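*Asks:* Please find one structure pasted underneath; my questions will follow.
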Amino acid sequence: MVADHGLSPAEYAKLCEQLGREPNLNELGICSVMWSEHCSYKSSRIHLSKFPTTGPRVICGPGENAGVIDIDDGDAAIFKMESHNHPSFIEPYQGAATGVGGIMRDVFTMGARPVALLNALRFGAPEHEKTRSLVSGVVAGIGGYGNCVGVPTVGGEMNFDPGYNGNILVNAMCVGIAKADQIFYSAAKGVGNSILYVGARTGRDGIHGATMASAEFSDDQEAKRPTVQVGDPFTEKRLIEACLELMATGNIIAIQDMGAAGLTSSSIEMADKGGVGIEIDLDKVPLREANMTPYEMMLSESQERMLIVLKPGTETSSRQIFTKWELDVAVIGQTTDTGRLVLSHKDEVVCDLPIAPLSDLAPQYDRPWRETEPAPVLDMSTLPLRDPIDALARLMCAPDMASKRWVWEQYDRHVMGDTLAASASGSDAAIVRIHGSNKALAMTSDCTPRYVKANPYVGGKQAVAESWRNLIASGAEPIAITNCLNFGNPERPEIMGQFVRAVEGMAEACTALDYPVVSGNVSLYNETNGAAIPPTPTVGGVGLIRDLSLPTGFGTAVEGDLLYLVGHTSGWLGSSLYAREIEGITGHEPPPVDLELEHNNGKFVQSAIGASLVRAVHDVSDGGLAAAAADMAMASGKGMALEGSDILPAHAWYFGEDQGRYLLMVSANNLTRLQDMARNDDISLSYVGEVIGDDIALGSSRMKLSELRKQWEQWLPALMEN
Amino acid sequence: MRAAVIVFPGSNCDRDAASALAQVTGQAPLMVWHQSNELPAVDLVVLPGGFAYGDYLRPGAMAARSVIMREVCKHAEAGGLVAGICNGFQVLSEVGLLPGVLMRNAGLKFVCKPVALQVERIDTPFTSQYSQKSPITIPVAHHDGNFYASQDELTRLEDQGQVVFRYVDNPNGSANNIAGIVNQANNVLGMMPHPERAMGTTGDGGDGVLFFKSLLGGFR
């Protein structure tokens with residue numbers, strides 16, 4: 001019984017000791033979810049404390065439903081990223097849909113209107129038997145939910161790697177806007193205040209979802225389908241509107257969404273944060289099905305539900321709002337001064353637990369970990385010489401690089417009327433205007449799992465650096481990140497080693513770039529039959545564009561404009577996309593990340609954009625300089641010609657993935673000022689090519705842009721519709 | 001021009017339509033709740049995009065039976081202008097103010113992209129500012145925009161010149177590439193593309209502006 005609940009014998013003993021007796025079944029169920037990895041972060045907490053979480057623009061860091069940052073003029077941005085990996089593998093449509101719904105609730109719970117959604121998706125090998133149905137289900141689920149609620153899905157990433165064959169990753173991010181002085185928190189306060197249940201009714205879906213998400217998969221995972229929740233975006237839409245309406249009344253003391261572990265974790269977290277007790281009469285909980293037991297009610301993960309602590313005397317006016325939106329609403333209990341969670345059902349007390357031990361004294365582990373074996377450095381001179389344009393064409397059609405139009409055309413990217421750059425646009429970040437203003441948020445999600453796998457510490461730094469660089473390149477001031485740390489089984493020292501070192505690398509980059517972590521999520525046990533996913537710490541970055549009249553992105557080009565490269569090129573091919581896709585070699589040391597250089601190069605680019613000296617800017621990452629130029633060509637419809645290097649072999653020069661680099665497009669009359677600025681700032685700025693007619697050219701080797709585009713657009717539709 | 005935007009609980013382009021109207025008319029439209037049993041005196045009613053009641057049944061089927069739609073029908077019958085955009089088009093066809101139905105897209109997927117439209121009629125209150133010479137570009141975003149009508153009905157629509165917008169490159173399988181139609185009296189229009197998303201303020205082009213300017217033209 002105890003093992004079925006995912007508690008270890010030691011954890012159970014600790015529970016009994018704290019209670020002074022054995023728990024009953026309801027109490028065991030409640031404790032098991034609260035102490036699950038998913039809710040308690042028991043393996044990760046001591047390492048997460050390494051992240052910098054404060055800064056001049058941070059209003060609320062980790063620990064609440066989402067992070068909050070100051071974006072001037074009394075406005076705040078509220079955002080978070082969260083995983084829905086396990087459910088999406090078992091039931092891709094509903095798993096992904098409820099991932100989107102859950103992350104939106106985390107954001108509007110704090111008082112924000114959601115304005116943008118992003119998704120970082122990792123699938124198995126394209127040819128794997130499950131990949132196509134998973135891609136199609138996940139994409140339809142994301143679209144089906146976000147499109148209906150009416151929040152634009154504006155960006156994300158999509159990778160394929162055999163390492164995700166048994167465990168796909170679905171990381172959803174939501175960004176919302178609120179007034180900085182109207183942020184809502186989850187700490188219940190006072191004694192005798194009403195606890196309002198609103199939203200959908202409670203059913204038998206998703207029971208023990210959090211526990212499921214805290215275990216490895218084996219071959220019987222299909223049997224876990226009943227633990228996946230079912231989403232109802234129409235209810236979510238009404239819940240958003242009703243909650244925002246209620247928030248405007250001033251009736252709310254505290255509010256919390258019922259996410260993982262449903263009524264259990266929401267009530268316990270609210271009580272714990274406010275240092276009060278909670279009494280719930282389970283007979284008052286709106287139910288979808290008759291004869292549900294207290295155990296089922298407390299552990300159900302039915303979606304689209306919220307718990308609210310009301311100011312005294314506001315019950316009637318609060319109810320009216322939810323009635324108007326045709327949502328279920330009920331006062332189900334009240335706050336107490338006992339510090340205990342007391343549940344009654346049919347006039348019987350069915351649970352009586354002290355709240356503090358459940359959350360504060362939840363187990364916390366410093367799990368043993370082992371450093372990842374150092375990866376060998378790839379000697380570029382051992383690679384054969386190839387026709388660079390042929391290599392570029394192959395690279396641009398590789399699964400990770402090929403156009404994802406098939407995906408993002410299924411997402412409503414423009415609802416709300418403020419999307420300035422989304423997946424279709426030439427921009428390193430999605431850009432959404434703050435409604436009715438001349439400023440905007442820039443948002444991006446980033447991780448390069450092949451780097452993290454080869455060197456977790458460097459890969460962790462790189463994920464943060466690339467996120468920061470993408471925001472700089474799109475004309476924003478990078479402000480803060482959320483993250484979603486996806487790893488295998490932490491009980492294995494080599495996996496724990498990946499986690500610890502990736503977190504340390506990320507923390508170092510966040511500190512060096514003044515780019516704090518304000519929210520996040522950890523997803524462990526992404527393993528099937530003992531095979532773990534590539535370590536994937538996804539970074540969700542948010543920045544502010546203060547003046548929309550300045551150039552953003554790389555969607556425009558004028559023939560005759562010059563291409564200049566910021567940053568130094570050593571021709572680093574270890575763990576590059578070129579090495580993997582063209583030569584079939586992986587696992588070498590990834591490119592080093594020099595954070596001081598990263599910072600200086602970024603600040604230089606920021607100044608160049610601020611002074612309107614550049615026409616377009618693109619970060620140089622996967623596929624190196626040649627892929628960056630090809631992206632610019634495809635987005636602008638203008639050809640690009642890059643010159644070769646006198647020093648480096650063609651493959652190293654065109655496809656090396658040295659970090660901290662940007663490709664700038666400059667008109668000849670701004671060149672002198674840009675060069676002066678680079679000289680003064682001691683920045684490496686070098687001529688690499690120019691904007692030409694219809695061709696993409698690498699040295700003397702060239703092809704028609706239209707032909708490259710055709711191939712680039714073909715890959716994903718061919719996979720999905722074949 | 002006085003305009004009203006109907007707000008169903010699952011409308012999600014109501015604010016966008018209101019912003020577009022305000023941009024062109026200089027006046028915010030009235031927002032009318034779906035349970036309201038009276039429609040204020042207005043020249044134009046806009047049924048906005050979204051998923052009126054979740055649309056788990058046929059899109060627009062429940063909205064067509066809502067309290068406010070009785071008033072919208074009266075307004076239309078009295079000759080008032082009604083524009084249904086996307087979900088609004090679905091509602092108008094479900095309530096019978098426009099012929100045909102909007103089925104699931106032929107590709108069975110939601111499709112969100114800018115599309116080229118041929119403007120077939122420039123003598124309606126909705127299109128008077130357009131030219132027929134070159135196509136306009138307006139985004140679509142829908143799962144159920146595949147216009148279907150019987151062959152007789154299609155012939156009638158074509159003969160009476162009720163097709164107002166036609167896709168240049170059909171994104172959803174619509175019969176005769178139909179993207180938007182009017183009723184016989186020319187005062188009720190339904191269209192799947194979203195003119196309110198092409199107002200020249202987001203990089204999606206400004207071809208929607210003339211749609212709203214056309215409406216304004218009749219009431220200056």
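Ligands are numbered from 1 in the order shown, residues from 1 within each chain, and chains are lettered A, B, ... in the order they appear in the structure tokens.
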Neighbouring residues of Asn105 of chain B were defined as those with any atom within 12 Å, considering only C-alpha atoms; residues of the same chain fewer than 2 positions away were excluded. Please report them as a PyMOL selection string.
*Replies:* (chain A and resi 410) or (chain B and resi 101-103+107-112+140-148+170-175+192)
*Asks:* Could you take the residues named above and write them with N, CA and C atoms, as a compact mmCIF listing (two decimals), in the first residue's frame?
*Replies:*
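Everything below was put into again.txt:
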# COMPACT_ATOMS: atom_id res chain seq x y z
N GLN A 410 -0.81 25.72 -37.25
CA GLN A 410 -1.95 25.19 -36.48
C GLN A 410 -2.20 25.99 -35.22
N VAL B 101 -23.11 26.08 -44.79
CA VAL B 101 -22.56 25.71 -43.48
C VAL B 101 -21.05 25.77 -43.58
N LEU B 102 -20.40 25.86 -42.40
CA LEU B 102 -18.95 25.86 -42.36
C LEU B 102 -18.49 24.57 -41.70
N MET B 103 -17.93 23.72 -42.51
CA MET B 103 -17.53 22.39 -42.02
C MET B 103 -16.06 22.43 -41.59
N GLY B 107 -8.21 19.94 -44.60
CA GLY B 107 -6.98 19.34 -44.06
C GLY B 107 -7.15 18.81 -42.65
N LEU B 108 -8.33 18.99 -42.05
CA LEU B 108 -8.66 18.53 -40.69
C LEU B 108 -7.81 19.18 -39.62
N LYS B 109 -7.11 20.25 -39.98
CA LYS B 109 -6.29 20.94 -38.99
C LYS B 109 -6.69 22.41 -38.92
N PHE B 110 -6.44 22.99 -37.74
CA PHE B 110 -6.59 24.43 -37.59
C PHE B 110 -5.60 25.08 -38.54
N VAL B 111 -6.00 26.17 -39.19
CA VAL B 111 -5.06 26.84 -40.08
C VAL B 111 -5.05 28.34 -39.79
N CYS B 112 -3.83 28.83 -39.51
CA CYS B 112 -3.63 30.24 -39.20
C CYS B 112 -2.57 30.78 -40.14
N VAL B 140 -6.36 34.24 -41.96
CA VAL B 140 -7.41 33.35 -41.46
C VAL B 140 -6.87 32.63 -40.22
N ALA B 141 -7.76 32.19 -39.36
CA ALA B 141 -7.40 31.39 -38.19
C ALA B 141 -8.63 30.62 -37.77
N HIS B 142 -8.77 29.41 -38.27
CA HIS B 142 -9.97 28.64 -37.94
C HIS B 142 -9.76 27.15 -38.17
N HIS B 143 -10.66 26.39 -37.55
CA HIS B 143 -10.65 24.93 -37.69
C HIS B 143 -11.81 24.48 -38.57
N ASP B 144 -12.82 25.36 -38.67
CA ASP B 144 -14.05 25.00 -39.37
C ASP B 144 -14.45 26.14 -40.31
N GLY B 145 -13.76 26.23 -41.42
CA GLY B 145 -14.04 27.33 -42.35
C GLY B 145 -14.35 26.86 -43.74
N ASN B 146 -14.61 25.56 -43.85
CA ASN B 146 -14.83 24.91 -45.14
C ASN B 146 -16.28 25.13 -45.56
N PHE B 147 -16.51 26.17 -46.37
CA PHE B 147 -17.88 26.55 -46.74
C PHE B 147 -18.50 25.50 -47.65
N TYR B 148 -19.70 25.08 -47.28
CA TYR B 148 -20.42 24.08 -48.08
C TYR B 148 -21.86 24.52 -48.28
N ASN B 170 -7.09 28.34 -51.98
CA ASN B 170 -8.06 27.85 -50.98
C ASN B 170 -7.39 27.14 -49.80
N PRO B 171 -7.52 27.66 -48.57
CA PRO B 171 -6.83 27.06 -47.42
C PRO B 171 -7.62 25.98 -46.71
N ASN B 172 -8.90 25.80 -47.05
CA ASN B 172 -9.74 24.95 -46.19
C ASN B 172 -10.73 24.07 -46.95
N GLY B 173 -10.69 24.10 -48.29
CA GLY B 173 -11.59 23.24 -49.05
C GLY B 173 -12.93 23.86 -49.38
N SER B 174 -13.12 25.15 -49.09
CA SER B 174 -14.41 25.80 -49.33
C SER B 174 -14.89 25.64 -50.78
N ALA B 175 -16.18 25.42 -50.92
CA ALA B 175 -16.79 25.32 -52.25
C ALA B 175 -16.58 26.63 -52.99
N MET B 192 -14.77 34.28 -43.24
CA MET B 192 -13.85 33.57 -42.37
C MET B 192 -12.58 34.37 -42.07
*Asks:* What are the nearest atom pairs, with distances in Å to one decimal, for all residues of chain B that come at most 9 Å from chain A, using only C-alpha atoms, set out by chain and rising residue number as a tab-separated table?
*Replies:*
residue	atom	partner	partner_atom	distance
B:Pro9	CA	A:Arg238	CA	6.3
B:Gly10	CA	A:Phe234	CA	6.2
B:Ser11	CA	A:Gly150	CA	8.2
B:Asn12	CA	A:Gly150	CA	5.1
B:Cys13	CA	A:Val415	CA	6.5
B:Asp14	CA	A:Met416	CA	8.9
B:Arg15	CA	A:Met416	CA	7.1
B:Asp16	CA	A:Gly417	CA	5.8
B:Ser19	CA	A:Gly417	CA	8.6
B:Gly50	CA	A:Cys148	CA	6.6
B:Phe51	CA	A:Cys148	CA	6.0
B:Ala52	CA	A:Phe234	CA	8.6
B:Tyr53	CA	A:Phe234	CA	7.0
B:Gly54	CA	A:Phe234	CA	4.7
B:Asp55	CA	A:Phe234	CA	8.4
B:Lys109	CA	A:Gln410	CA	6.6
B:Phe110	CA	A:Gln410	CA	4.8
B:Val111	CA	A:Gln410	CA	5.0
B:Cys112	CA	A:Glu409	CA	4.9
B:Lys113	CA	A:Glu409	CA	6.3
B:Pro139	CA	A:His414	CA	8.7
B:Ala141	CA	A:Asp412	CA	6.0
B:His142	CA	A:Asp412	CA	8.2
B:His143	CA	A:Gln410	CA	8.8
B:Glu196	CA	A:Gly417	CA	8.0
B:Arg197	CA	A:Gly417	CA	6.0
B:Ala198	CA	A:Gly417	CA	8.8
B:Thr201	CA	A:Asp418	CA	8.1
B:Thr202	CA	A:Leu420	CA	5.0
B:Gly203	CA	A:Leu420	CA	6.2
B:Asp204	CA	A:Leu420	CA	8.3
*Asks:* Please produce an output containing N, CA and C atoms for each residue in the selection, written as a short mmCIF file (atom, residue, chain, number, x, y, z; two decimals), in the first residue's frame.
*Replies:*
data_model
loop_
_atom_site.label_atom_id
_atom_site.label_comp_id
_atom_site.auth_asym_id
_atom_site.auth_seq_id
_atom_site.Cartn_x
_atom_site.Cartn_y
_atom_site.Cartn_z
N PRO B 9 -19.58 34.09 -24.14
CA PRO B 9 -18.56 33.79 -23.11
C PRO B 9 -17.25 33.29 -23.72
N GLY B 10 -17.31 32.68 -24.90
CA GLY B 10 -16.08 32.17 -25.52
C GLY B 10 -15.62 33.01 -26.70
N SER B 11 -16.16 34.22 -26.85
CA SER B 11 -15.63 35.11 -27.89
C SER B 11 -14.19 35.45 -27.52
N ASN B 12 -13.30 35.47 -28.48
CA ASN B 12 -11.95 35.91 -28.13
C ASN B 12 -11.37 36.94 -29.09
N CYS B 13 -12.17 37.35 -30.07
CA CYS B 13 -11.73 38.44 -30.94
C CYS B 13 -12.61 39.67 -30.73
N ASP B 14 -13.38 39.69 -29.62
CA ASP B 14 -14.26 40.82 -29.35
C ASP B 14 -13.45 42.09 -29.12
N ARG B 15 -12.36 41.97 -28.34
CA ARG B 15 -11.53 43.15 -28.09
C ARG B 15 -10.86 43.61 -29.38
N ASP B 16 -10.41 42.64 -30.20
CA ASP B 16 -9.73 43.00 -31.45
C ASP B 16 -10.68 43.74 -32.38
N SER B 19 -11.18 47.22 -31.04
CA SER B 19 -10.01 48.08 -31.30
C SER B 19 -10.01 48.56 -32.74
N GLY B 50 -13.92 33.59 -32.31
CA GLY B 50 -13.76 32.91 -31.03
C GLY B 50 -14.43 31.55 -31.06
N PHE B 51 -14.84 31.10 -29.89
CA PHE B 51 -15.50 29.80 -29.74
C PHE B 51 -16.69 30.04 -28.82
N ALA B 52 -17.76 30.65 -29.38
CA ALA B 52 -18.83 31.27 -28.61
C ALA B 52 -19.21 30.54 -27.32
N TYR B 53 -19.56 29.27 -27.42
CA TYR B 53 -19.89 28.49 -26.21
C TYR B 53 -18.98 27.26 -26.16
N GLY B 54 -17.72 27.44 -26.56
CA GLY B 54 -16.79 26.32 -26.58
C GLY B 54 -16.83 25.59 -27.91
N ASP B 55 -17.99 25.61 -28.55
CA ASP B 55 -18.14 25.01 -29.88
C ASP B 55 -17.74 23.54 -29.93
N LYS B 109 -7.11 20.25 -39.98
CA LYS B 109 -6.29 20.94 -38.99
C LYS B 109 -6.69 22.41 -38.92
N PHE B 110 -6.44 22.99 -37.74
CA PHE B 110 -6.59 24.43 -37.59
C PHE B 110 -5.60 25.08 -38.54
N VAL B 111 -6.00 26.17 -39.19
CA VAL B 111 -5.06 26.84 -40.08
C VAL B 111 -5.05 28.34 -39.79
N CYS B 112 -3.83 28.83 -39.51
CA CYS B 112 -3.63 30.24 -39.20
C CYS B 112 -2.57 30.78 -40.14
N LYS B 113 -2.97 31.60 -41.12
CA LYS B 113 -2.00 32.18 -42.03
C LYS B 113 -2.64 33.31 -42.83
N PRO B 139 -5.48 37.69 -42.74
CA PRO B 139 -5.22 36.37 -42.13
C PRO B 139 -6.49 35.55 -41.85
N ALA B 141 -7.76 32.19 -39.36
CA ALA B 141 -7.40 31.39 -38.19
C ALA B 141 -8.63 30.62 -37.77
N HIS B 142 -8.77 29.41 -38.27
CA HIS B 142 -9.97 28.64 -37.94
C HIS B 142 -9.76 27.15 -38.17
N HIS B 143 -10.66 26.39 -37.55
CA HIS B 143 -10.65 24.93 -37.69
C HIS B 143 -11.81 24.48 -38.57
N GLU B 196 -9.95 42.47 -38.85
CA GLU B 196 -9.52 43.22 -37.66
C GLU B 196 -8.08 42.88 -37.28
N ARG B 197 -7.52 41.84 -37.91
CA ARG B 197 -6.11 41.51 -37.63
C ARG B 197 -5.17 42.10 -38.67
N ALA B 198 -5.70 42.86 -39.60
CA ALA B 198 -4.86 43.46 -40.64
C ALA B 198 -5.11 44.96 -40.65
N THR B 201 -1.09 47.68 -37.87
CA THR B 201 -0.41 47.99 -36.61
C THR B 201 0.44 46.84 -36.10
N THR B 202 0.45 45.72 -36.81
CA THR B 202 1.19 44.57 -36.28
C THR B 202 2.11 43.92 -37.29
N GLY B 203 2.26 44.47 -38.45
CA GLY B 203 3.11 43.81 -39.43
C GLY B 203 2.35 42.80 -40.27
N ASP B 204 1.04 42.65 -40.03
CA ASP B 204 0.24 41.75 -40.86
C ASP B 204 -0.43 42.49 -42.01
#
*Asks:* Using only C-alpha atoms, which residue out of A:Arg105, A:Arg546, A:Arg469, A:His345 lies closest to Ser437 of chain A?
*Replies:* A:Arg546
*Asks:* Which residues come within 8 Å of segment 178-180 of chain B, counting only C-alpha atoms, excluding same-chain residues fewer than 2 positions away, as an mmCIF file with N, CA, C and O atoms, in the first residue's frame?
*Replies:*
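Heads up, here's the output in out.cif:
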data_model
loop_
_atom_site.group_PDB
_atom_site.id
_atom_site.type_symbol
_atom_site.label_atom_id
_atom_site.label_comp_id
_atom_site.auth_asym_id
_atom_site.auth_seq_id
_atom_site.Cartn_x
_atom_site.Cartn_y
_atom_site.Cartn_z
ATOM 1 N N LEU B 117 -7.101 37.302 -50.996
ATOM 2 C CA LEU B 117 -8.539 37.263 -51.298
ATOM 3 C C LEU B 117 -8.827 38.132 -52.506
ATOM 4 O O LEU B 117 -8.351 39.260 -52.589
ATOM 5 N N PHE B 147 -16.510 26.171 -46.365
ATOM 6 C CA PHE B 147 -17.879 26.551 -46.736
ATOM 7 C C PHE B 147 -18.502 25.501 -47.650
ATOM 8 O O PHE B 147 -17.917 25.097 -48.647
ATOM 9 N N VAL B 163 -21.360 36.230 -53.497
ATOM 10 C CA VAL B 163 -19.989 35.928 -53.053
ATOM 11 C C VAL B 163 -19.195 37.228 -53.055
ATOM 12 O O VAL B 163 -19.051 37.875 -54.087
ATOM 13 N N VAL B 164 -18.695 37.606 -51.884
ATOM 14 C CA VAL B 164 -18.011 38.892 -51.739
ATOM 15 C C VAL B 164 -16.497 38.720 -51.742
ATOM 16 O O VAL B 164 -15.766 39.494 -52.348
ATOM 17 N N PHE B 165 -16.007 37.696 -51.048
ATOM 18 C CA PHE B 165 -14.572 37.408 -51.004
ATOM 19 C C PHE B 165 -14.328 35.963 -51.445
ATOM 20 O O PHE B 165 -15.039 35.054 -51.022
ATOM 21 N N ARG B 166 -13.279 35.802 -52.280
ATOM 22 C CA ARG B 166 -12.923 34.461 -52.724
ATOM 23 C C ARG B 166 -11.433 34.232 -52.476
ATOM 24 O O ARG B 166 -10.626 35.122 -52.706
ATOM 25 N N TYR B 167 -11.085 33.051 -51.969
ATOM 26 C CA TYR B 167 -9.670 32.718 -51.757
ATOM 27 C C TYR B 167 -8.964 32.582 -53.100
ATOM 28 O O TYR B 167 -9.488 31.945 -54.013
ATOM 29 N N SER B 174 -13.118 25.147 -49.093
ATOM 30 C CA SER B 174 -14.410 25.805 -49.333
ATOM 31 C C SER B 174 -14.891 25.645 -50.776
ATOM 32 O O SER B 174 -14.106 25.783 -51.715
ATOM 33 N N ALA B 175 -16.182 25.416 -50.925
ATOM 34 C CA ALA B 175 -16.790 25.318 -52.254
ATOM 35 C C ALA B 175 -16.583 26.635 -52.992
ATOM 36 O O ALA B 175 -16.709 27.724 -52.410
ATOM 37 N N ASN B 176 -16.271 26.544 -54.252
ATOM 38 C CA ASN B 176 -16.079 27.728 -55.116
ATOM 39 C C ASN B 176 -15.084 28.733 -54.518
ATOM 40 O O ASN B 176 -15.160 29.909 -54.806
ATOM 41 N N VAL B 182 -22.591 37.639 -48.724
ATOM 42 C CA VAL B 182 -23.630 38.499 -48.136
ATOM 43 C C VAL B 182 -24.994 37.855 -48.381
ATOM 44 O O VAL B 182 -25.129 36.969 -49.225
ATOM 45 N N LEU B 189 -23.210 40.191 -43.695
ATOM 46 C CA LEU B 189 -22.018 39.588 -44.289
ATOM 47 C C LEU B 189 -21.391 38.598 -43.331
ATOM 48 O O LEU B 189 -21.319 38.840 -42.118
ATOM 49 N N GLY B 190 -20.927 37.481 -43.878
ATOM 50 C CA GLY B 190 -20.127 36.540 -43.096
ATOM 51 C C GLY B 190 -18.836 36.289 -43.829
ATOM 52 O O GLY B 190 -18.836 36.143 -45.060
ATOM 53 N N MET B 191 -17.724 36.280 -43.091
ATOM 54 C CA MET B 191 -16.432 35.993 -43.730
ATOM 55 C C MET B 191 -15.529 35.251 -42.749
ATOM 56 O O MET B 191 -15.561 35.510 -41.551
ATOM 57 N N MET B 192 -14.771 34.284 -43.245
ATOM 58 C CA MET B 192 -13.853 33.568 -42.367
ATOM 59 C C MET B 192 -12.579 34.373 -42.071
ATOM 60 O O MET B 192 -12.083 34.335 -40.957
ATOM 61 N N PRO B 193 -11.981 35.089 -43.010
ATOM 62 C CA PRO B 193 -10.765 35.850 -42.689
ATOM 63 C C PRO B 193 -11.041 36.977 -41.686
ATOM 64 O O PRO B 193 -12.193 37.413 -41.532
#
*Asks:* Which residues in chain B does DSSP call strand (DSSP E or B)? List them as a PDB file with C-alpha atoms, in the first residue's frame.
*Replies:*
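That gives us out38.pdb:
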ATOM      1  CA  ALA B   3     -21.561  49.879 -33.643  1.00  0.00           C
ATOM      2  CA  ALA B   4     -22.063  47.021 -31.206  1.00  0.00           C
ATOM      3  CA  VAL B   5     -19.877  43.967 -30.703  1.00  0.00           C
ATOM      4  CA  ILE B   6     -21.662  40.910 -29.330  1.00  0.00           C
ATOM      5  CA  VAL B   7     -19.753  39.142 -26.563  1.00  0.00           C
ATOM      6  CA  SER B  11     -15.630  35.114 -27.893  1.00  0.00           C
ATOM      7  CA  LEU B  30     -20.809  49.091 -27.377  1.00  0.00           C
ATOM      8  CA  MET B  31     -20.029  45.641 -26.030  1.00  0.00           C
ATOM      9  CA  VAL B  32     -23.253  43.631 -25.699  1.00  0.00           C
ATOM     10  CA  TRP B  33     -23.394  40.534 -23.479  1.00  0.00           C
ATOM     11  CA  LEU B  44     -23.728  47.891 -37.237  1.00  0.00           C
ATOM     12  CA  VAL B  45     -23.571  44.682 -35.221  1.00  0.00           C
ATOM     13  CA  VAL B  46     -20.315  42.702 -35.261  1.00  0.00           C
ATOM     14  CA  LEU B  47     -20.292  39.032 -34.314  1.00  0.00           C
ATOM     15  CA  GLY B  50     -13.759  32.906 -31.034  1.00  0.00           C
ATOM     16  CA  LEU B  81     -25.873  45.905 -40.917  1.00  0.00           C
ATOM     17  CA  VAL B  82     -24.445  42.696 -39.444  1.00  0.00           C
ATOM     18  CA  ALA B  83     -20.881  41.502 -39.963  1.00  0.00           C
ATOM     19  CA  GLY B  84     -19.905  38.044 -38.771  1.00  0.00           C
ATOM     20  CA  ILE B  85     -16.188  37.359 -38.721  1.00  0.00           C
ATOM     21  CA  VAL B 101     -22.558  25.709 -43.483  1.00  0.00           C
ATOM     22  CA  LEU B 102     -18.949  25.863 -42.362  1.00  0.00           C
ATOM     23  CA  MET B 103     -17.529  22.393 -42.025  1.00  0.00           C
ATOM     24  CA  VAL B 111      -5.056  26.842 -40.084  1.00  0.00           C
ATOM     25  CA  CYS B 112      -3.631  30.245 -39.200  1.00  0.00           C
ATOM     26  CA  LYS B 113      -2.002  32.185 -42.026  1.00  0.00           C
ATOM     27  CA  PRO B 114      -2.370  35.243 -44.206  1.00  0.00           C
ATOM     28  CA  VAL B 115      -4.376  34.490 -47.347  1.00  0.00           C
ATOM     29  CA  ALA B 116      -4.899  36.384 -50.591  1.00  0.00           C
ATOM     30  CA  LEU B 117      -8.539  37.263 -51.298  1.00  0.00           C
ATOM     31  CA  GLN B 118     -10.170  38.427 -54.472  1.00  0.00           C
ATOM     32  CA  VAL B 119     -12.797  41.058 -53.677  1.00  0.00           C
ATOM     33  CA  ILE B 136      -5.987  41.788 -50.707  1.00  0.00           C
ATOM     34  CA  THR B 137      -4.222  39.907 -47.920  1.00  0.00           C
ATOM     35  CA  ILE B 138      -6.086  39.100 -44.690  1.00  0.00           C
ATOM     36  CA  PRO B 139      -5.223  36.374 -42.131  1.00  0.00           C
ATOM     37  CA  VAL B 140      -7.415  33.353 -41.456  1.00  0.00           C
ATOM     38  CA  ALA B 141      -7.396  31.394 -38.187  1.00  0.00           C
ATOM     39  CA  HIS B 142      -9.973  28.642 -37.943  1.00  0.00           C
ATOM     40  CA  ASN B 146     -14.828  24.908 -45.141  1.00  0.00           C
ATOM     41  CA  PHE B 147     -17.879  26.551 -46.736  1.00  0.00           C
ATOM     42  CA  TYR B 148     -20.425  24.082 -48.081  1.00  0.00           C
ATOM     43  CA  VAL B 163     -19.989  35.928 -53.053  1.00  0.00           C
ATOM     44  CA  VAL B 164     -18.011  38.892 -51.739  1.00  0.00           C
ATOM     45  CA  PHE B 165     -14.572  37.408 -51.004  1.00  0.00           C
ATOM     46  CA  ARG B 166     -12.923  34.461 -52.724  1.00  0.00           C
ATOM     47  CA  TYR B 167      -9.670  32.718 -51.757  1.00  0.00           C
ATOM     48  CA  ILE B 178     -15.743  31.106 -51.014  1.00  0.00           C
ATOM     49  CA  ALA B 179     -14.293  33.147 -48.137  1.00  0.00           C
ATOM     50  CA  GLY B 180     -17.176  35.528 -47.524  1.00  0.00           C
ATOM     51  CA  ILE B 181     -20.790  36.047 -48.621  1.00  0.00           C
ATOM     52  CA  VAL B 182     -23.630  38.499 -48.136  1.00  0.00           C
ATOM     53  CA  VAL B 188     -25.558  40.766 -43.590  1.00  0.00           C
ATOM     54  CA  LEU B 189     -22.018  39.588 -44.289  1.00  0.00           C
ATOM     55  CA  GLY B 190     -20.127  36.540 -43.096  1.00  0.00           C
ATOM     56  CA  MET B 191     -16.432  35.993 -43.730  1.00  0.00           C
TER      57      MET B 191
END
*Asks:* One number please: atom CA of Thr127 of chain B to atom CA of Leu154 of chain B, in Å, one decimal.
*Replies:*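 Computing the Euclidean distance for atom CA of Thr127 of chain B and atom CA of Leu154 of chain B yields 21.1 Å.
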*Asks:* Just how far from atom CA of Asn24 of chain A is atom CA of Ala200 of chain A, in Å to one decimal?
*Replies:*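 Atom CA of Ala200 of chain A sits 28.0 Å away from atom CA of Asn24 of chain A.
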